[in-house]
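Student: My questions will all concern the structure given below.
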Amino acid sequence: MNGRAPPNAGFSIVEGLGYLVVAGLLMGGLTYAMGALFGGQAQPTVTYGGSVYSLAPSFSDFQNAINLHASLTQSIDTADHVLLVGGVRSHPLSDPNGPSPALDVSFADTSLAAAPGSDPFRAYSSWDQLQLNGAQLGPYLTSNPDPADFSLLTLSGQERITSITQQRRHVAAINGQSVVLYEVTYQAVDWSGTLPALVANPQTGTTPTAQYRIYYQASEDTWGQPPGATHYWYRTDTTWNRDQEGPARLIFADPYVLAGSDPLAKISSLSRFVYFLPVLR
Amino acid sequence: MKPRDNRGMVSFAVLIFAMVALLILMANFKLANAVSLTTDGFDTFNSQTVEKNGLAQVVKESILALRETAITPSTGTVQSEIQNRISSLSFPSGVSVTLTNSPSAVPAHVFFPAAEPATETIPYFSTTRGLAGMGTLLSSFAVQGPVTDLGRLSFAFSRVDSANPAEAQTYTVNADLISVPLTNLDLVAYGLPTTGAVPSAAPALPAGTLGQGVSELVVTSNNPANDPSAYPDLYAGSSSETLPYQYRNQASFSWNAYEYVWSAAYQHALISAAQAESDPGNTAPSTGNPTPATGAAFDFSAAQNPTIAGLTVSGNSITIDCSAVQSQIVAVIDAEGVGTVNLLGSGAAGAPFVLLIRNTAGSLGLTQVNFTGNNARPILFYLENSAASFAGRPQISGALLLDRTSTVSGGVDWSGHLSCYAPASPLAGWNFTLSDSPAVKEALAALAPRVLLVSTSATR
C-alpha cells in the first residue's frame with residue numbers, strides 16, 4: 001500500500017454503454033418470455049365426470065364465482081321464499097344430523113306441482129316443502145350425500161322456481177392423486193315469457209347460467225368452516241302446525257382460497273361466499 | 001481483488017436476477033390486486049344489498065307506525081317516521097342516505113264500523129301486480145281469505161359516499177299495503193303485550209279438535225325454557241328476548257291487533273255504531289212516547305232501552321233470536337255483570353251481523369251467554385267477560401272472539417273463526433271442533449277488524 005486511492009473499480013463508459021445495450025436486449029427478451037409464460041400458462045386441471053376442474057386457487061374460476069354469486073344474491077333478494085335441500089339438521093327431530101340428500105344435479109324442473117293452493121304456512125320450512133312436494137322431488141334425492149352437498153331453489157309465489165343452485169363435493173383418485181373436487185352451478189329460470197325458460201350462460205350460450213369447478217389435493221381439504229349447509233330452527237310444533245325454520249348457513253367453495261394446507265396457520269381458511277339465508281322473505 | 005471483468009459479470013447477474021424477481025413480484029401483485037379489487041367490488045355489492053333491504057325495513061316499520069292495528073299509532077308523517085329511523089342507523093364513514101321522494105300520505109286503514117272495505121282475492125301472479133314478490137311472510141296471510149289491496153307506495157332514497165362518488169346510488173323502495181280481516185285465520189291464540197301478557201308457550205289443544213285446512217296462529221317465546229317446541233339454535237339467552245323479525249307479521253296479527261280489538265276505543269266505536277243503528281224494531285215516536293230510545297244497543301243498567309228486532313227482555317235476561325235480528329250490529333252492555341243472554345241460532349243463512357256483549361264489571365260477575373240451537377247465519381260474536389255455554393252441541397257458523405276473562409263450557413262444532421287469550425286459554429278443557437269456512441270468511445270480511453300487513457322490496 002502506497003497511500004494512494006485505489007483505482008476506480010466500476011465500468012468504463014464504453015463498458016457501461018455496452019452492458020446497458022445488452023441488458024436492454026435481455027430485459028426485452030425476458031419481458032417477452034415472461035409475458036408468454038404468464039399469458040399462456042395453463043392452470044392445472046383434471047377431468048371428472050366429463051367436467052373440467054381447475055386446481056385452486058384459480059383466478060378464472062374466481063371470476064366465475066363472483067358472477068355466479070352476484071346472480072344468486074339477486075335471485076335470493078327477489079324470492080318469496082327458498083327451499084334448501086341437503087345439509088345438516090334438515091329437521092331437528094326427523095333428521096337432526098344429516099348429511100341429508102340433495103337434489104340430483106340433473107334436476108331442472110321449473111315449478112313445484114304440489115305447492116299451488118297448499119297451506120302457505122308450510123312454506124315456513126324447507127322440510128315441510130320437501131314433504132309437500134315429495135312425489136316430485138323424491139326421485140331426485142341423492143344417495144350417500146356428501147356433507148358439502150346441497151341444493152337451493154329460489155321461489156316466486158308458491159310454486160315458480162326462479163333459480164336452482166347446486167353444490168357438490170366429490171372425492172376421487174385421478175392420475176394416482178387423491179383429490180377433492182367442488183362443483184357449484186347456478187341455473188336461472190326466466191318467467192317473463194309465456195313459458196318458463198332455462199337461462200343460458202351469456203358467454204357460452206349453454207346451461208347452466210353460471211358455474212365453477214375447482215379441486216384440491218385431498219390432504220389440503222381441511223377447513224375451519226367447511227363448505228356445506230346448516231339448517232337452524234326456531235321451533236317444531238305439530239299441534240299448532242309450527243315448523244318454523246330460521247336462517248340457514250350456506251358455505252360455498254371459494255376458488256381463490258387455499259384450504260387447510262397449513263394446519264399450523266392461525267387463521268382458518270374461510271370462503272368469501274357465506275350466506276346466512278332466511279328461508280322466508 | 002477480483003479482476004474488473006468478473007466484478008462486472010457479478011453486477012450484471014445481480015441486475016438480471018433483480019429484474020426477474022421484480023417481474024415475478026409484479027405479476028403476483030397484479031394477480032393479488034385483481035383478486036382484492038374483485039373481492040372489494042363483491043363486498044360493496046353485498047353491503048349495498050343489505051343497505052337497501054335495511055331501508056325497505058325502515059319504510060315498512062314507518063308505515064306500520066302510522067297505520068298498524070294497534071293501540072298507540074303515531075300521529076306523525078311517514079316522512080318524519082322514516083327520517084327518525086334513518087337517523088338512528090349507522091352507515092360507513094362518509095355515507096349518507098336521504099329520502100328524496102315519497103308519497104304525500106299513507107292511505108288510511110279503515111274498517112268496520114268506520115267503513116266496510118270492499119274485498120278481493122289478489123292473484124299470486126299477475127302481469128301488473130300480484131302476491132308473488134311480496135314475500136311468503138305476507139302472502140301466507142293474504143291467501144287465507146278475502147283481503148283489501150290498499151295499493152303500492154313508492155319511496156326513493158339517495159345514497160352519497162363522499163369518499164367514493166362512484167358509489168352513489170338511488171334506492172327505490174316499493175311498499176305494498178294489504179288489509180287482512182282478522183277472521184281470515186281460523187284459530188288465533190292471541191297475546192296482549194301491553195295490557196296483559198304474551199304467551200310463553202302455545203296452549204294445549206286436544207287432538208282431533210281442528211278440521212282439515214284449519215289455519216292456526218300463536219306466537220310464543222323462542223326460549224326453550226319457556227316453550228318446549230322452541231330450539232336453542234338461534235336463541236340468545238343472555239339478554240331479554242327479542243323475537244326475530246320473521247315474526248313481525250304474526251305479532252301484528254296475534255298480539256297488537258287484539259290489543260286494539262279489546263281496547264275501549266274500539267269497543268266504544270262498536271257500541272256507538274250499534275246506538276246509531278236504525279233498527280226496524282225500534283218503537284216509533286208516539287204521543288205517549290215522543291222520544292223513544294233508538295238504536296240496537298241494550299244496556300242491562302239503563303232505565304230505558306230501545307226495542308230491538310230479534311231481542312226480547314225478561315228481567316236481567318234477554319233472548320236474541322239470531323234469525324230475527326235486522327241491525328248490522330247489536331250491542332249488549334252489562335256493566336254490573338248481572339245479565340244473561342240467550343242466543344237462539346238461525347237455521348237459515350242470512351245477512352251477517354255483529355253481536356257485541358260488553359261486560360266491564362270485571363270480577364263482579366260474568367255475563368252468562370247461552371248458545372242454543374244450530375246457527376247458519378254468519379255472526380261475529382265479541383264476548384267480553386262472559387261465560388259462554390253451549391247446549392246440545394250445536395253447529396254454529398261465525399266468528400267467536402273471546403276476551404281474556406271469558407270462559408266456555410259445553411260442546412260445539414264451530415265453523416269459521418275462533419280466537420282466545422292464550423295465557424288463559426279455554427281450549428284444553430273445551431269439547432269443541434273447529435272447521436275452516438271460506439263462506440264465513442267472505443261474509444264477515446266487511447265487518448271484521450283488520451290487520452294492515454306491509455311488504456317492502458328495494459331495488460337500486
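Following the order of the C-alpha cells, chains are lettered A, B, ..., residues in each are numbered from 1, and ligands are numbered from 1.
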Could you list, as a list in words, every residue within 9 Å of Asn305 in chain B, counting only C-alpha atoms and ignoring same-chain residues fewer than 5 positions away?

Tutor: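 Listing them by chain and then by number gives Pro292, Ala293, Thr294, Gly295, Ala296, Ala297, Phe298, Asp299 and Phe300 of chain B.
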
Student: What are the closest atom pairs, with distances in Å to one decimal, for each residue of chain A lying within 8 Å of chain B, using only C-alpha atoms, rows by chain and rising residue number, as a tab-separated table?

Tutor:
residue	atom	partner	partner_atom	distance
A:Ala9	CA	B:Arg4	CA	6.5
A:Gly10	CA	B:Arg4	CA	7.6
A:Phe11	CA	B:Gly8	CA	7.2
A:Tyr19	CA	B:Phe12	CA	7.8
A:Ala23	CA	B:Ile16	CA	7.8
A:Met27	CA	B:Met19	CA	7.6
A:Leu30	CA	B:Val20	CA	7.7
A:Thr31	CA	B:Leu23	CA	7.8
A:Met34	CA	B:Leu23	CA	7.8
A:Phe59	CA	B:Val35	CA	7.5
A:Gln63	CA	B:Thr38	CA	7.9
A:Ile66	CA	B:Phe42	CA	7.0
A:Ala70	CA	B:Phe42	CA	7.6
A:Thr78	CA	B:Gly133	CA	6.4
A:Ala79	CA	B:Gly133	CA	6.5
A:Asp80	CA	B:Gly135	CA	4.0
A:His81	CA	B:Thr136	CA	6.1
A:Asp119	CA	B:Gly213	CA	7.4
A:Pro120	CA	B:Ser140	CA	4.8
A:Phe121	CA	B:Ser140	CA	6.0
A:Ala123	CA	B:Thr136	CA	7.5
A:Ser156	CA	B:Ala132	CA	5.6
A:Gly157	CA	B:Ala132	CA	4.3
A:Gln158	CA	B:Ala132	CA	7.9
A:Tyr232	CA	B:Asp233	CA	5.8
A:Trp233	CA	B:Asp233	CA	6.0
A:Tyr234	CA	B:Tyr231	CA	5.5
A:Arg235	CA	B:Ala230	CA	4.1
A:Thr236	CA	B:Ser229	CA	5.5
A:Asp237	CA	B:Ser229	CA	5.6
A:Thr239	CA	B:Leu205	CA	6.9
A:Trp240	CA	B:Glu216	CA	6.3
A:Asn241	CA	B:Glu216	CA	7.3
A:Gly246	CA	B:Leu234	CA	7.6
A:Leu280	CA	B:Thr136	CA	6.2
A:Arg281	CA	B:Gly135	CA	4.8

Student: Ranking A:Leu141, A:Ala65, A:Leu155, A:Val85 by minimum distance to Leu112 in chain A and counting only C-alpha atoms, which one comes first?

Tutor: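 Between A:Leu141, A:Ala65, A:Leu155, A:Val85, the residue approaching Leu112 in chain A most closely is A:Leu155.
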
Student: Which residue out of B:Gly145, B:Pro394, B:Pro438, B:Pro165 has the minimum interatomic distance to Ser96 in chain B when only C-alpha atoms are used?

Tutor: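 The answer is B:Pro165, which sits nearest to Ser96 in chain B.
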
Student: Residues within 10 Å of Gly315 in chain B, please, as a PyMOL selection string. Count only C-alpha atoms; anything in the same chain fewer than 3 positions from it doesn't count.

Tutor: chain B and resi 300+312+318+339-340

Student: Restricting it to N, CA and C atoms, dump the selection as a JSON list (two decimals), in the first residue's frame.

Tutor:
[["chain", "number", "residue", "atom", "x", "y", "z"],
["B", 300, "PHE", "N", -128.08, -3.45, 30.29],
["B", 300, "PHE", "CA", -128.78, -4.01, 31.45],
["B", 300, "PHE", "C", -128.94, -2.97, 32.57],
["B", 312, "THR", "N", -135.70, -9.99, 22.91],
["B", 312, "THR", "CA", -136.78, -9.90, 23.90],
["B", 312, "THR", "C", -136.16, -9.87, 25.28],
["B", 318, "ILE", "N", -132.06, -11.57, 28.57],
["B", 318, "ILE", "CA", -132.57, -11.25, 27.24],
["B", 318, "ILE", "C", -132.35, -12.46, 26.34],
["B", 339, "GLY", "N", -126.24, -9.80, 33.83],
["B", 339, "GLY", "CA", -127.13, -10.20, 32.76],
["B", 339, "GLY", "C", -126.92, -11.62, 32.27],
["B", 340, "THR", "N", -127.97, -12.11, 31.64],
["B", 340, "THR", "CA", -127.92, -13.39, 30.95],
["B", 340, "THR", "C", -128.42, -13.18, 29.53]]

Student: What is the CA of Gln167 in chain A-CA of Thr154 in chain A distance in Å, reported with one decimal?

Tutor: 14.7 Å

Student: With DSSP run on the backbone, what are the helix (DSSP H, G or I) residues within range 78-293 of chain B? I'd like them as number ranges by chain.

Tutor: B: 78-87, 136-142, 165-167, 182-184, 232-234, 245-261, 264-275

Student: Using DSSP assignments from the backbone, pull out every residue in range 217-256 of chain A that falls under strand (DSSP E or B) and give it to me as a ChimeraX atom specification.

Tutor: /A:217,228-230,233-237,242-245,248-251

Student: How many Å separate CA of Pro147 in chain A from CA of Ala102 in chain A?

Tutor: 9.9 Å

Student: What separation in Å, quoted to one decimal, exists between CA of Cys420 in chain B and CA of Thr407 in chain B?

Tutor: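 For CA of Cys420 in chain B relative to CA of Thr407 in chain B, the distance reads 9.5 Å.
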
Student: Counting only C-alpha atoms, what is within 9 Å of Pro103 in chain B, bar same-chain residues fewer than 5 positions away, as a list in words?

Tutor: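 In the requested format, the answer is Val78, Gln79, Leu153, Ser154 and Phe155 of chain B.
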